[in-house]
file my_file.cif (mmCIF, C-alpha atoms)
data_data
#
loop_
_atom_site.label_atom_id
_atom_site.label_comp_id
_atom_site.auth_asym_id
_atom_site.auth_seq_id
_atom_site.Cartn_x
_atom_site.Cartn_y
_atom_site.Cartn_z
CA MET E 105 -0.95 5.52 -21.45
CA SER E 106 -3.19 3.65 -18.99
CA LEU E 107 -5.50 6.68 -18.80
CA ARG E 108 -6.13 6.36 -22.54
CA TYR E 109 -7.24 2.75 -22.15
CA ALA E 110 -9.39 3.56 -19.14
CA ILE E 111 -11.18 6.19 -21.26
CA LEU E 112 -11.51 3.84 -24.23
CA ALA E 113 -12.94 1.23 -21.84
CA ILE E 114 -15.83 3.46 -20.80
CA LEU E 115 -16.48 4.67 -24.33
CA THR E 116 -17.00 1.02 -25.36
CA ALA E 117 -20.11 1.14 -23.15
CA ALA E 118 -21.61 4.31 -24.60
CA PRO E 119 -20.63 7.46 -26.52
CA LEU E 120 -20.25 10.29 -24.04
CA THR E 121 -19.65 14.03 -23.98
CA GLY E 122 -16.47 15.28 -22.32
CA TYR E 123 -18.41 16.19 -19.19
CA GLU E 124 -20.14 12.80 -19.09
CA THR E 125 -16.82 11.04 -19.66
CA ALA E 126 -15.32 12.77 -16.63
CA LYS E 127 -18.39 12.02 -14.48
CA ARG E 128 -18.73 8.39 -15.60
CA PHE E 129 -14.99 7.92 -15.23
CA GLU E 130 -15.18 8.97 -11.61
CA GLY E 131 -18.09 6.62 -10.96
CA SER E 132 -16.65 3.53 -12.67
CA VAL E 133 -13.10 2.93 -13.91
CA GLY E 134 -11.88 5.83 -11.74
CA HIS E 135 -12.29 3.57 -8.70
CA VAL E 136 -9.45 1.45 -10.10
CA TRP E 137 -7.51 4.04 -12.08
CA HIS E 138 -7.93 7.45 -10.56
CA ALA E 139 -7.56 10.47 -12.85
CA PRO E 140 -8.62 14.07 -12.26
CA ASP E 141 -10.79 15.91 -14.83
CA SER E 142 -7.75 18.02 -15.69
CA GLN E 143 -6.14 14.91 -17.21
CA ILE E 144 -9.27 13.55 -18.88
CA TYR E 145 -10.19 16.52 -21.10
CA PRO E 146 -6.73 16.94 -22.73
CA GLU E 147 -6.49 13.17 -23.22
CA LEU E 148 -9.84 13.16 -25.04
CA ARG E 149 -8.50 15.83 -27.39
CA ARG E 150 -5.31 13.84 -28.05
CA MET E 151 -7.35 10.69 -28.67
CA GLU E 152 -9.55 12.57 -31.12
CA ALA E 153 -6.45 13.92 -32.92
CA GLU E 154 -5.22 10.32 -33.22
CA ALA E 155 -8.64 9.18 -34.54
CA LEU E 156 -9.21 6.71 -31.68
CA ILE E 157 -12.42 8.56 -30.93
CA GLU E 158 -14.57 10.80 -33.07
CA GLY E 159 -16.31 13.92 -31.73
CA ARG E 160 -19.73 14.63 -33.19
CA GLU E 161 -21.47 17.88 -32.43
CA GLU E 162 -25.03 17.73 -31.24
CA ARG E 163 -27.56 20.37 -30.28
CA TRP E 164 -27.77 21.17 -26.58
CA GLY E 165 -30.63 23.33 -25.40
CA SER E 166 -32.06 25.79 -27.90
CA ASN E 167 -28.99 27.16 -29.63
CA ARG E 168 -25.87 25.58 -28.21
CA LEU E 169 -23.77 22.64 -29.34
CA LYS E 170 -21.88 19.98 -27.45
CA THR E 171 -19.46 17.30 -28.62
CA ARG E 172 -20.17 13.64 -28.05
CA TYR E 173 -17.24 11.22 -28.39
CA TYR E 174 -17.68 7.89 -30.20
CA ILE E 175 -15.02 5.19 -30.13
CA THR E 176 -13.83 4.52 -33.71
CA ALA E 177 -12.87 1.21 -35.31
CA GLU E 178 -9.24 2.29 -34.80
CA GLY E 179 -9.96 2.99 -31.13
CA GLU E 180 -11.47 -0.46 -30.68
CA ALA E 181 -8.52 -2.06 -32.49
CA ASP E 182 -6.08 -0.15 -30.25
CA PHE E 183 -7.98 -1.27 -27.15
CA ARG E 184 -7.90 -4.91 -28.30
CA THR E 185 -4.17 -4.69 -29.04
CA TRP E 186 -3.54 -3.39 -25.53
CA MET E 187 -5.66 -6.26 -24.19
CA ALA E 188 -3.39 -8.76 -25.99
CA THR E 189 -0.09 -7.15 -24.90
CA PRO E 190 1.74 -8.13 -21.67
CA LEU E 191 1.72 -5.39 -19.04
CA LYS E 192 4.95 -3.88 -17.75
CA TYR E 193 4.98 -4.09 -13.96
CA ALA E 194 6.46 -1.05 -12.26
CA PRO E 195 8.89 -1.70 -9.40
CA TRP E 196 7.27 -1.56 -5.98
CA ARG E 197 6.78 1.80 -4.27
CA ASP E 198 4.80 1.82 -1.11
CA VAL E 199 5.38 4.60 1.33
CA ALA E 200 3.30 3.14 4.18
CA HIS E 201 5.28 -0.11 4.29
CA MET E 202 8.54 1.76 3.70
CA GLN E 203 7.83 3.96 6.69
CA ALA E 204 6.71 1.02 8.84
CA ALA E 205 10.09 -0.67 8.29
CA TYR E 206 11.61 2.19 10.32
CA PHE E 207 8.91 2.63 12.96
CA GLU E 208 11.55 2.44 15.72
CA TRP E 209 12.04 6.14 14.83
CA ALA E 210 8.42 6.97 15.69
CA ASP E 211 7.01 7.18 19.18
CA PRO E 212 4.29 4.63 20.02
CA GLU E 213 1.49 7.23 19.62
CA SER E 214 2.66 8.01 16.08
CA VAL E 215 2.93 4.32 15.19
CA ARG E 216 -0.63 3.85 16.44
CA MET E 217 -1.81 6.91 14.47
CA HIS E 218 -0.23 5.61 11.24
CA LEU E 219 -1.66 2.10 11.64
CA GLU E 220 -5.13 3.33 12.53
CA GLN E 221 -5.07 5.71 9.57
CA HIS E 222 -3.93 2.86 7.31
CA ALA E 223 -6.74 0.57 8.47
CA GLN E 224 -9.29 3.37 8.06
CA HIS E 225 -8.10 4.33 4.59
CA TYR E 226 -8.33 0.78 3.29
CA GLN E 227 -11.63 0.15 5.05
CA GLU E 228 -13.03 3.12 3.10
CA GLN E 229 -11.68 1.60 -0.11
CA ILE E 230 -13.33 -1.73 0.78
CA ASP E 231 -16.66 0.01 1.37
CA GLN E 232 -16.41 1.87 -1.94
CA TRP E 233 -15.45 -1.21 -3.96
CA THR E 234 -18.03 -3.40 -2.19
CA SER E 235 -20.73 -0.95 -3.22
CA GLN E 236 -19.39 -1.07 -6.80
CA VAL E 237 -19.50 -4.90 -6.86
CA ARG E 238 -23.07 -4.84 -5.57
CA ASP E 239 -24.17 -2.43 -8.32
CA ILE E 240 -22.28 -4.40 -10.96
CA GLU E 241 -23.76 -7.75 -9.96
CA SER E 242 -27.29 -6.36 -9.71
CA HIS E 243 -26.76 -4.63 -13.10
CA GLU E 244 -27.85 -1.41 -11.40
CA HIS E 245 -24.61 0.42 -12.13
CA PRO E 246 -25.44 2.97 -14.88
CA MET E 247 -22.36 2.05 -16.95
CA ILE E 248 -23.10 -1.67 -16.67
CA ALA E 249 -26.72 -1.09 -17.67
CA ALA E 250 -25.58 0.90 -20.73
CA ARG E 251 -22.97 -1.72 -21.60
CA LEU E 252 -25.31 -4.71 -21.30
CA GLN E 253 -27.83 -2.98 -23.51
CA ARG E 254 -25.17 -2.54 -26.16
CA TYR E 255 -23.75 -6.06 -26.30
CA PRO E 256 -25.50 -9.36 -27.10
CA ALA E 257 -26.91 -11.41 -24.24
CA GLU E 258 -24.37 -14.23 -24.62
CA GLN E 259 -21.62 -11.77 -23.63
CA HIS E 260 -23.36 -10.52 -20.49
CA GLU E 261 -22.03 -13.24 -18.19
CA ARG E 262 -18.40 -12.46 -19.13
CA ILE E 263 -18.91 -8.70 -18.88
CA VAL E 264 -20.29 -8.91 -15.36
CA ALA E 265 -18.00 -11.74 -14.20
CA PHE E 266 -14.75 -9.98 -15.09
CA LYS E 267 -15.77 -6.69 -13.49
CA SER E 268 -16.88 -8.45 -10.38
CA PHE E 269 -13.60 -10.42 -10.36
CA ALA E 270 -11.51 -7.24 -10.71
CA TYR E 271 -13.22 -5.47 -7.80
CA ASP E 272 -13.18 -8.62 -5.67
CA GLY E 273 -9.39 -8.70 -6.08
CA LEU E 274 -9.11 -5.09 -4.93
CA ILE E 275 -11.33 -5.73 -1.92
CA ARG E 276 -9.12 -8.63 -0.80
CA LEU E 277 -5.98 -6.54 -1.25
CA ALA E 278 -7.49 -3.77 0.85
CA GLN E 279 -8.55 -6.35 3.45
CA ALA E 280 -4.93 -7.58 3.59
CA GLU E 281 -3.90 -3.95 4.29
CA VAL E 282 -6.47 -3.61 7.10
CA ASP E 283 -5.37 -6.95 8.60
CA TRP E 284 -1.73 -5.86 8.40
CA ALA E 285 -2.44 -2.60 10.22
CA ASN E 286 -4.33 -4.49 12.92
CA ARG E 287 -1.46 -6.97 13.35
CA GLY E 288 0.80 -3.92 13.69
CA LEU E 289 -1.34 -2.55 16.51
CA THR E 290 -1.02 -5.89 18.32
CA LEU E 291 2.74 -5.91 17.74
CA LEU E 292 2.96 -2.39 19.12
CA GLU E 293 1.19 -3.44 22.32
CA GLU E 294 3.52 -6.41 22.71
CA LEU E 295 6.60 -4.23 22.25
CA GLU E 296 5.25 -1.68 24.74
CA ALA E 297 4.55 -4.44 27.29
CA ASP E 298 8.13 -5.74 26.86
CA GLN E 299 9.51 -2.28 27.59
CA THR E 300 7.45 -1.64 30.72
CA PRO E 301 9.74 -2.49 33.64
CA MET G 89 9.63 13.41 -1.01
CA SER G 90 9.43 9.72 -0.03
CA LEU G 91 12.81 9.11 -1.69
CA ARG G 92 14.40 11.58 0.72
CA TYR G 93 13.06 9.69 3.73
CA ALA G 94 14.10 6.34 2.26
CA ILE G 95 17.65 7.71 1.94
CA LEU G 96 17.60 9.22 5.43
CA ALA G 97 16.39 5.83 6.71
CA ILE G 98 19.44 4.00 5.43
CA LEU G 99 21.84 6.73 6.55
CA THR G 100 20.53 6.25 10.10
CA ALA G 101 22.17 2.80 9.95
CA ALA G 102 25.59 3.96 8.76
CA PRO G 103 27.30 6.86 6.95
CA LEU G 104 27.73 5.89 3.30
CA THR G 105 29.37 7.19 0.14
CA GLY G 106 27.11 8.03 -2.80
CA TYR G 107 27.99 4.73 -4.45
CA GLU G 108 27.35 2.76 -1.26
CA THR G 109 24.05 4.60 -0.73
CA ALA G 110 22.85 3.54 -4.18
CA LYS G 111 23.98 -0.07 -3.64
CA ARG G 112 22.60 -0.36 -0.10
CA PHE G 113 19.40 1.31 -1.22
CA GLU G 114 18.88 -1.34 -3.87
CA GLY G 115 19.51 -4.12 -1.36
CA SER G 116 17.29 -2.80 1.44
CA VAL G 117 14.71 0.00 1.35
CA GLY G 118 14.68 -0.23 -2.47
CA HIS G 119 12.66 -3.45 -2.14
CA VAL G 120 9.82 -1.33 -0.75
CA TRP G 121 10.50 2.02 -2.40
CA HIS G 122 12.21 1.50 -5.73
CA ALA G 123 14.43 4.31 -7.03
CA PRO G 124 17.06 4.23 -9.79
CA ASP G 125 20.60 5.50 -9.13
CA SER G 126 19.80 8.46 -11.40
CA GLN G 127 17.37 9.73 -8.73
CA ILE G 128 19.52 8.89 -5.73
CA TYR G 129 22.65 10.92 -6.58
CA PRO G 130 20.87 14.25 -7.24
CA GLU G 131 18.72 13.75 -4.13
CA LEU G 132 21.88 13.28 -2.02
CA ARG G 133 23.18 16.60 -3.37
CA ARG G 134 19.91 18.38 -2.57
CA MET G 135 19.88 16.86 0.92
CA GLU G 136 23.44 18.05 1.49
CA ALA G 137 22.49 21.57 0.30
CA GLU G 138 19.64 21.52 2.85
CA ALA G 139 22.03 20.33 5.60
CA LEU G 140 20.08 17.11 6.23
CA ILE G 141 23.28 15.21 5.52
CA GLU G 142 26.91 16.27 5.62
CA GLY G 143 29.47 15.08 3.09
CA ARG G 144 32.96 14.50 4.49
CA GLU G 145 35.82 13.80 2.13
CA GLU G 146 38.00 10.80 2.85
CA ARG G 147 41.05 9.32 1.17
CA TRP G 148 40.33 6.54 -1.29
CA GLY G 149 43.29 4.58 -2.61
CA SER G 150 46.63 6.36 -2.78
CA ASN G 151 45.69 9.84 -3.99
CA ARG G 152 41.96 10.06 -4.56
CA LEU G 153 39.13 11.33 -2.41
CA LYS G 154 35.56 10.25 -1.97
CA THR G 155 32.66 11.81 -0.08
CA ARG G 156 30.94 9.97 2.74
CA TYR G 157 27.52 11.24 3.79
CA TYR G 158 26.60 11.50 7.48
CA ILE G 159 23.06 12.22 8.64
CA THR G 160 23.03 15.51 10.62
CA ALA G 161 21.00 16.41 13.71
CA GLU G 162 18.71 18.34 11.34
CA GLY G 163 18.37 15.26 9.14
CA GLU G 164 17.39 13.12 12.12
CA ALA G 165 14.91 15.75 13.29
CA ASP G 166 13.38 15.90 9.79
CA PHE G 167 13.10 12.11 9.72
CA ARG G 168 11.41 12.06 13.13
CA THR G 169 8.98 14.81 12.04
CA TRP G 170 8.02 12.76 8.98
CA MET G 171 7.52 9.74 11.28
CA ALA G 172 5.05 11.75 13.37
CA THR G 173 3.10 13.20 10.39
CA PRO G 174 0.05 11.45 8.86
CA LEU G 175 0.69 10.11 5.35
CA LYS G 176 -1.32 11.33 2.38
CA TYR G 177 -2.79 8.32 0.59
CA ALA G 178 -2.78 8.64 -3.18
CA PRO G 179 -5.97 7.60 -5.01
CA TRP G 180 -5.86 4.05 -6.33
CA ARG G 181 -4.18 3.36 -9.67
CA ASP G 182 -3.79 -0.26 -10.62
CA VAL G 183 -3.49 -1.08 -14.28
CA ALA G 184 -3.75 -4.87 -13.88
CA HIS G 185 -7.11 -4.71 -12.09
CA MET G 186 -8.30 -1.92 -14.37
CA GLN G 187 -7.56 -4.06 -17.40
CA ALA G 188 -9.12 -7.17 -15.83
CA ALA G 189 -12.41 -5.29 -15.39
CA TYR G 190 -12.67 -5.25 -19.21
CA PHE G 191 -11.29 -8.72 -19.98
CA GLU G 192 -14.33 -9.43 -22.18
CA TRP G 193 -12.31 -7.48 -24.77
CA ALA G 194 -9.43 -9.96 -24.61
CA ASP G 195 -9.45 -13.43 -26.11
CA PRO G 196 -9.12 -16.30 -23.59
CA GLU G 197 -5.43 -16.86 -24.46
CA SER G 198 -4.63 -13.23 -23.64
CA VAL G 199 -6.60 -13.37 -20.38
CA ARG G 200 -4.63 -16.50 -19.42
CA MET G 201 -1.35 -14.78 -20.39
CA HIS G 202 -2.15 -11.72 -18.25
CA LEU G 203 -3.18 -13.76 -15.22
CA GLU G 204 -0.19 -16.10 -15.42
CA GLN G 205 2.12 -13.09 -15.78
CA HIS G 206 0.44 -11.46 -12.78
CA ALA G 207 0.87 -14.57 -10.62
CA GLN G 208 4.50 -14.94 -11.70
CA HIS G 209 5.34 -11.29 -11.08
CA TYR G 210 3.96 -11.35 -7.54
CA GLN G 211 5.49 -14.76 -6.81
CA GLU G 212 8.87 -13.23 -7.64
CA GLN G 213 8.12 -10.36 -5.26
CA ILE G 214 7.18 -12.88 -2.55
CA ASP G 215 10.46 -14.75 -3.05
CA GLN G 216 12.46 -11.52 -2.88
CA TRP G 217 10.70 -10.22 0.23
CA THR G 218 10.81 -13.64 1.93
CA SER G 219 14.55 -13.69 1.49
CA GLN G 220 14.72 -10.17 2.98
CA VAL G 221 12.68 -11.22 6.03
CA ARG G 222 14.95 -14.23 6.57
CA ASP G 223 18.07 -12.05 6.48
CA ILE G 224 16.45 -9.44 8.72
CA GLU G 225 15.33 -11.95 11.34
CA SER G 226 18.68 -13.77 11.35
CA HIS G 227 20.42 -10.34 11.56
CA GLU G 228 22.47 -11.42 8.54
CA HIS G 229 21.33 -8.54 6.37
CA PRO G 230 24.34 -6.17 6.11
CA MET G 231 22.23 -3.08 6.81
CA ILE G 232 20.60 -4.72 9.84
CA ALA G 233 23.99 -5.81 11.15
CA ALA G 234 25.32 -2.24 10.78
CA ARG G 235 22.17 -0.79 12.38
CA LEU G 236 22.15 -3.14 15.38
CA GLN G 237 25.79 -2.37 16.04
CA ARG G 238 24.95 1.32 16.15
CA TYR G 239 21.95 1.30 18.48
CA PRO G 240 21.70 0.06 22.07
CA ALA G 241 20.62 -3.54 22.70
CA GLU G 242 17.25 -2.57 24.21
CA GLN G 243 16.22 -1.14 20.82
CA HIS G 244 17.14 -4.25 18.81
CA GLU G 245 13.82 -6.03 19.30
CA ARG G 246 11.85 -3.05 17.94
CA ILE G 247 14.26 -2.51 15.03
CA VAL G 248 13.96 -6.10 13.84
CA ALA G 249 10.26 -6.49 14.66
CA PHE G 250 9.10 -3.47 12.63
CA LYS G 251 11.16 -4.41 9.57
CA SER G 252 9.92 -7.96 9.72
CA PHE G 253 6.35 -6.65 10.10
CA ALA G 254 6.70 -4.34 7.09
CA TYR G 255 7.96 -7.10 4.79
CA ASP G 256 5.43 -9.59 6.13
CA GLY G 257 2.67 -7.18 5.08
CA LEU G 258 4.10 -6.94 1.58
CA ILE G 259 4.36 -10.72 1.28
CA ARG G 260 0.70 -11.13 2.20
CA LEU G 261 -0.34 -8.44 -0.28
CA ALA G 262 1.62 -10.18 -3.02
CA GLN G 263 0.07 -13.52 -1.98
CA ALA G 264 -3.38 -11.92 -2.35
CA GLU G 265 -2.36 -10.91 -5.90
CA VAL G 266 -1.21 -14.47 -6.73
CA ASP G 267 -4.44 -15.91 -5.28
CA TRP G 268 -6.50 -13.42 -7.29
CA ALA G 269 -4.76 -14.37 -10.53
CA ASN G 270 -5.34 -18.05 -9.78
CA ARG G 271 -9.03 -17.43 -9.08
CA GLY G 272 -9.14 -15.61 -12.42
CA LEU G 273 -7.73 -18.65 -14.21
CA THR G 274 -10.47 -20.77 -12.64
CA LEU G 275 -13.11 -18.21 -13.63
CA LEU G 276 -11.78 -18.23 -17.18
CA GLU G 277 -12.15 -22.02 -17.39
CA GLU G 278 -15.71 -21.80 -16.08
CA LEU G 279 -16.64 -19.12 -18.62
CA GLU G 280 -15.05 -21.15 -21.42
CA ALA G 281 -16.96 -24.27 -20.33
CA ASP G 282 -20.22 -22.26 -20.36
CA GLN G 283 -19.57 -21.14 -23.93
CA THR G 284 -18.76 -24.59 -25.32
CA PRO G 285 -21.98 -25.78 -26.97
#
call {"tool": "encode", "arguments": {"input": "my_file.cif", "output": "C-alpha cells"}}
result
Amino acid sequence: MSLRYAILAILTAAPLTGYETAKRFEGSVGHVWHAPDSQIYPELRRMEAEALIEGREERWGSNRLKTRYYITAEGEADFRTWMATPLKYAPWRDVAHMQAAYFEWADPESVRMHLEQHAQHYQEQIDQWTSQVRDIESHEHPMIAARLQRYPAEQHERIVAFKSFAYDGLIRLAQAEVDWANRGLTLLEELEADQTP
Amino acid sequence: MSLRYAILAILTAAPLTGYETAKRFEGSVGHVWHAPDSQIYPELRRMEAEALIEGREERWGSNRLKTRYYITAEGEADFRTWMATPLKYAPWRDVAHMQAAYFEWADPESVRMHLEQHAQHYQEQIDQWTSQVRDIESHEHPMIAARLQRYPAEQHERIVAFKSFAYDGLIRLAQAEVDWANRGLTLLEELEADQTP
C-alpha cells in the first residue's frame, strides 16, 4: 500500500500523465520508496478504479490523446487518513549485517570486498540524497517548484522543511552504514595482525 | 535466498531439530533477519531435498522419533560460496522517511505521534540488540556457547568479534533513527512557534 501513498504524494504537487508520474516518481519520492514503472502503471489504474485519482483525456500532438491523472477529494482524504494513522514497523531484515555476523566463514579478502562494497553503496546513496536536499532547499527541484506554486506561501516553510528533514535522516543513516563498514575494515586488520605469528 | 543462509548459519553452530531451528532462529539470527516459523519449516525441507542439510531421525521419549538436521559438506560449501559472493543491494524503501517527506499533510499531533512512535520502535530495537551484544561478548548466548565449543580456540576471537561488530552496527543505525525522530520533534516545535501569530 505504500506505493499508493507515494503516488498520491506526487500527485498532490501536480496532475501528471502516467509517463510523467513514472518519471517524476523516479526523480523524487522514488529516492525513498523505490518502485519500477511496471508497478506504477497498474497501481495508477487501480487508484483510478477506486476514484482516488481521476484520469482526464487531453490532446497530444495533432490527433492523439493522453490521460492526465488528477488527485480527487477522496484521494486527498485517503492520503490525510494515512498521514494520521500509526505505521506498522516490519521486523528487521538486513542481509549485510546478517552476513557480517558470520564473517568468520569468509576469507579476509571476501570480508574486505563486502565491507568496501557496503561503504561504496551507501556513499552513492549519500551523494544522491545530498543532491536531492540541495535541490529541495534551493527550490530548484522540479517537483518542489510545482508544489510551491500550488500551495500558499505560508505553507512553503513546512513543505521544504519536512522534505529536507526526511532526506537528512536518510543521509545520516547511510553515513552510519559507511562508518560501520570502515570500522569493520579496521577490525579486520586487527584480527589479521593477531593471527600473524 | 537470504533465509537459507540464515538457517545454514545457525546449523554451523549445532545440528538442530526443526523446532529447535525455529526457536534458535528467533533468539539469534532472527534479530537481524526476521522470519516466521511458517517460512522456516518449508525452507528446511527444501534444503534437505537439495542435500544442503541431512535429517537424521532420533528417538524422542519412549516411542516417538524426531528429525535432527545436520549441515552437510555441500551445505558448508554453499555457505562459503555465498560468503565470497558480492551482495545485491536492493533499492531503498523506507515508509517512515517517505511519509515524513510529506508531513505538511499531517496535523502537528499526527507528526508528533509518528515521530514518537519511530523513536520508541528503534529504542526497543536498540535494547534488544544491546542485550544480544552483551550475551555474545560474555559468551552466555546459548548459540555462541554451542558454536565456541565446536570450533578451535584460535577461531573464537573472530567468531565473537564479527557478531559483536554486526550488532554494534545495527545499534548505531537504530540510534540514528532515534536521533532523527528527536530532531523532527524539535523541528515541529520550531514550525509551530513560527505559525503562532
call {"tool": "residues_around", "arguments": {"input": "my_file.cif", "residues": "Val133 of chain E", "least_positions_apart": "3", "cutoff": "12 Å", "atoms": "all atoms listed in the file", "output": "ChimeraX atom specification"}}
result
/E:106-115,117,125-130,136-139,233,236,245,247-248,267,270-271 /G:180-183,185-190
call {"tool": "write_last_selection", "arguments": {"input": "my_file.cif", "atoms": "C-alpha atoms", "output": "CSV table (one decimal), in the frame of the given file"}}
result
chain,number,residue,atom,x,y,z
E,106,SER,CA,-3.2,3.6,-19.0
E,107,LEU,CA,-5.5,6.7,-18.8
E,108,ARG,CA,-6.1,6.4,-22.5
E,109,TYR,CA,-7.2,2.8,-22.2
E,110,ALA,CA,-9.4,3.6,-19.1
E,111,ILE,CA,-11.2,6.2,-21.3
E,112,LEU,CA,-11.5,3.8,-24.2
E,113,ALA,CA,-12.9,1.2,-21.8
E,114,ILE,CA,-15.8,3.5,-20.8
E,115,LEU,CA,-16.5,4.7,-24.3
E,117,ALA,CA,-20.1,1.1,-23.2
E,125,THR,CA,-16.8,11.0,-19.7
E,126,ALA,CA,-15.3,12.8,-16.6
E,127,LYS,CA,-18.4,12.0,-14.5
E,128,ARG,CA,-18.7,8.4,-15.6
E,129,PHE,CA,-15.0,7.9,-15.2
E,130,GLU,CA,-15.2,9.0,-11.6
E,136,VAL,CA,-9.4,1.4,-10.1
E,137,TRP,CA,-7.5,4.0,-12.1
E,138,HIS,CA,-7.9,7.4,-10.6
E,139,ALA,CA,-7.6,10.5,-12.8
E,233,TRP,CA,-15.4,-1.2,-4.0
E,236,GLN,CA,-19.4,-1.1,-6.8
E,245,HIS,CA,-24.6,0.4,-12.1
E,247,MET,CA,-22.4,2.0,-17.0
E,248,ILE,CA,-23.1,-1.7,-16.7
E,267,LYS,CA,-15.8,-6.7,-13.5
E,270,ALA,CA,-11.5,-7.2,-10.7
E,271,TYR,CA,-13.2,-5.5,-7.8
G,180,TRP,CA,-5.9,4.0,-6.3
G,181,ARG,CA,-4.2,3.4,-9.7
G,182,ASP,CA,-3.8,-0.3,-10.6
G,183,VAL,CA,-3.5,-1.1,-14.3
G,185,HIS,CA,-7.1,-4.7,-12.1
G,186,MET,CA,-8.3,-1.9,-14.4
G,187,GLN,CA,-7.6,-4.1,-17.4
G,188,ALA,CA,-9.1,-7.2,-15.8
G,189,ALA,CA,-12.4,-5.3,-15.4
G,190,TYR,CA,-12.7,-5.2,-19.2
call {"tool": "resolve_selection", "arguments": {"input": "my_file.cif", "expression": "the PyMOL selection byres ((chain E and resi 156-162) around 8)", "output": "list in words"}}
result
Leu148, Met151, Glu152, Ala153, Glu154, Ala155, Arg163, Trp164, Leu169, Lys170, Thr171, Arg172, Tyr173, Tyr174, Ile175, Thr176, Ala177, Glu178, Gly179, Glu180 and Asp182 of chain E
call {"tool": "atom_distance", "arguments": {"input": "my_file.cif", "atom1": "atom CA of Leu236 of chain G", "atom2": "atom CA of Glu208 of chain E"}}
result
12.0 Å
call {"tool": "atom_distance", "arguments": {"input": "my_file.cif", "atom1": "atom CA of Tyr226 of chain E", "atom2": "atom CA of Asp215 of chain G"}}
result
25.2 Å
call {"tool": "resolve_selection", "arguments": {"input": "my_file.cif", "expression": "the PyMOL selection byres ((chain E and resi 281) around 9)", "output": "list in words"}}
result
His222, Ala223, Tyr226, Gln227, Arg276, Leu277, Ala278, Gln279, Ala280, Val282, Asp283, Trp284, Ala285 and Asn286 of chain E; Gly257, Leu258, Arg260 and Leu261 of chain G
call {"tool": "atom_distance", "arguments": {"input": "my_file.cif", "atom1": "atom CA of Ala178 of chain G", "atom2": "atom CA of Gln229 of chain E"}}
result
11.8 Å
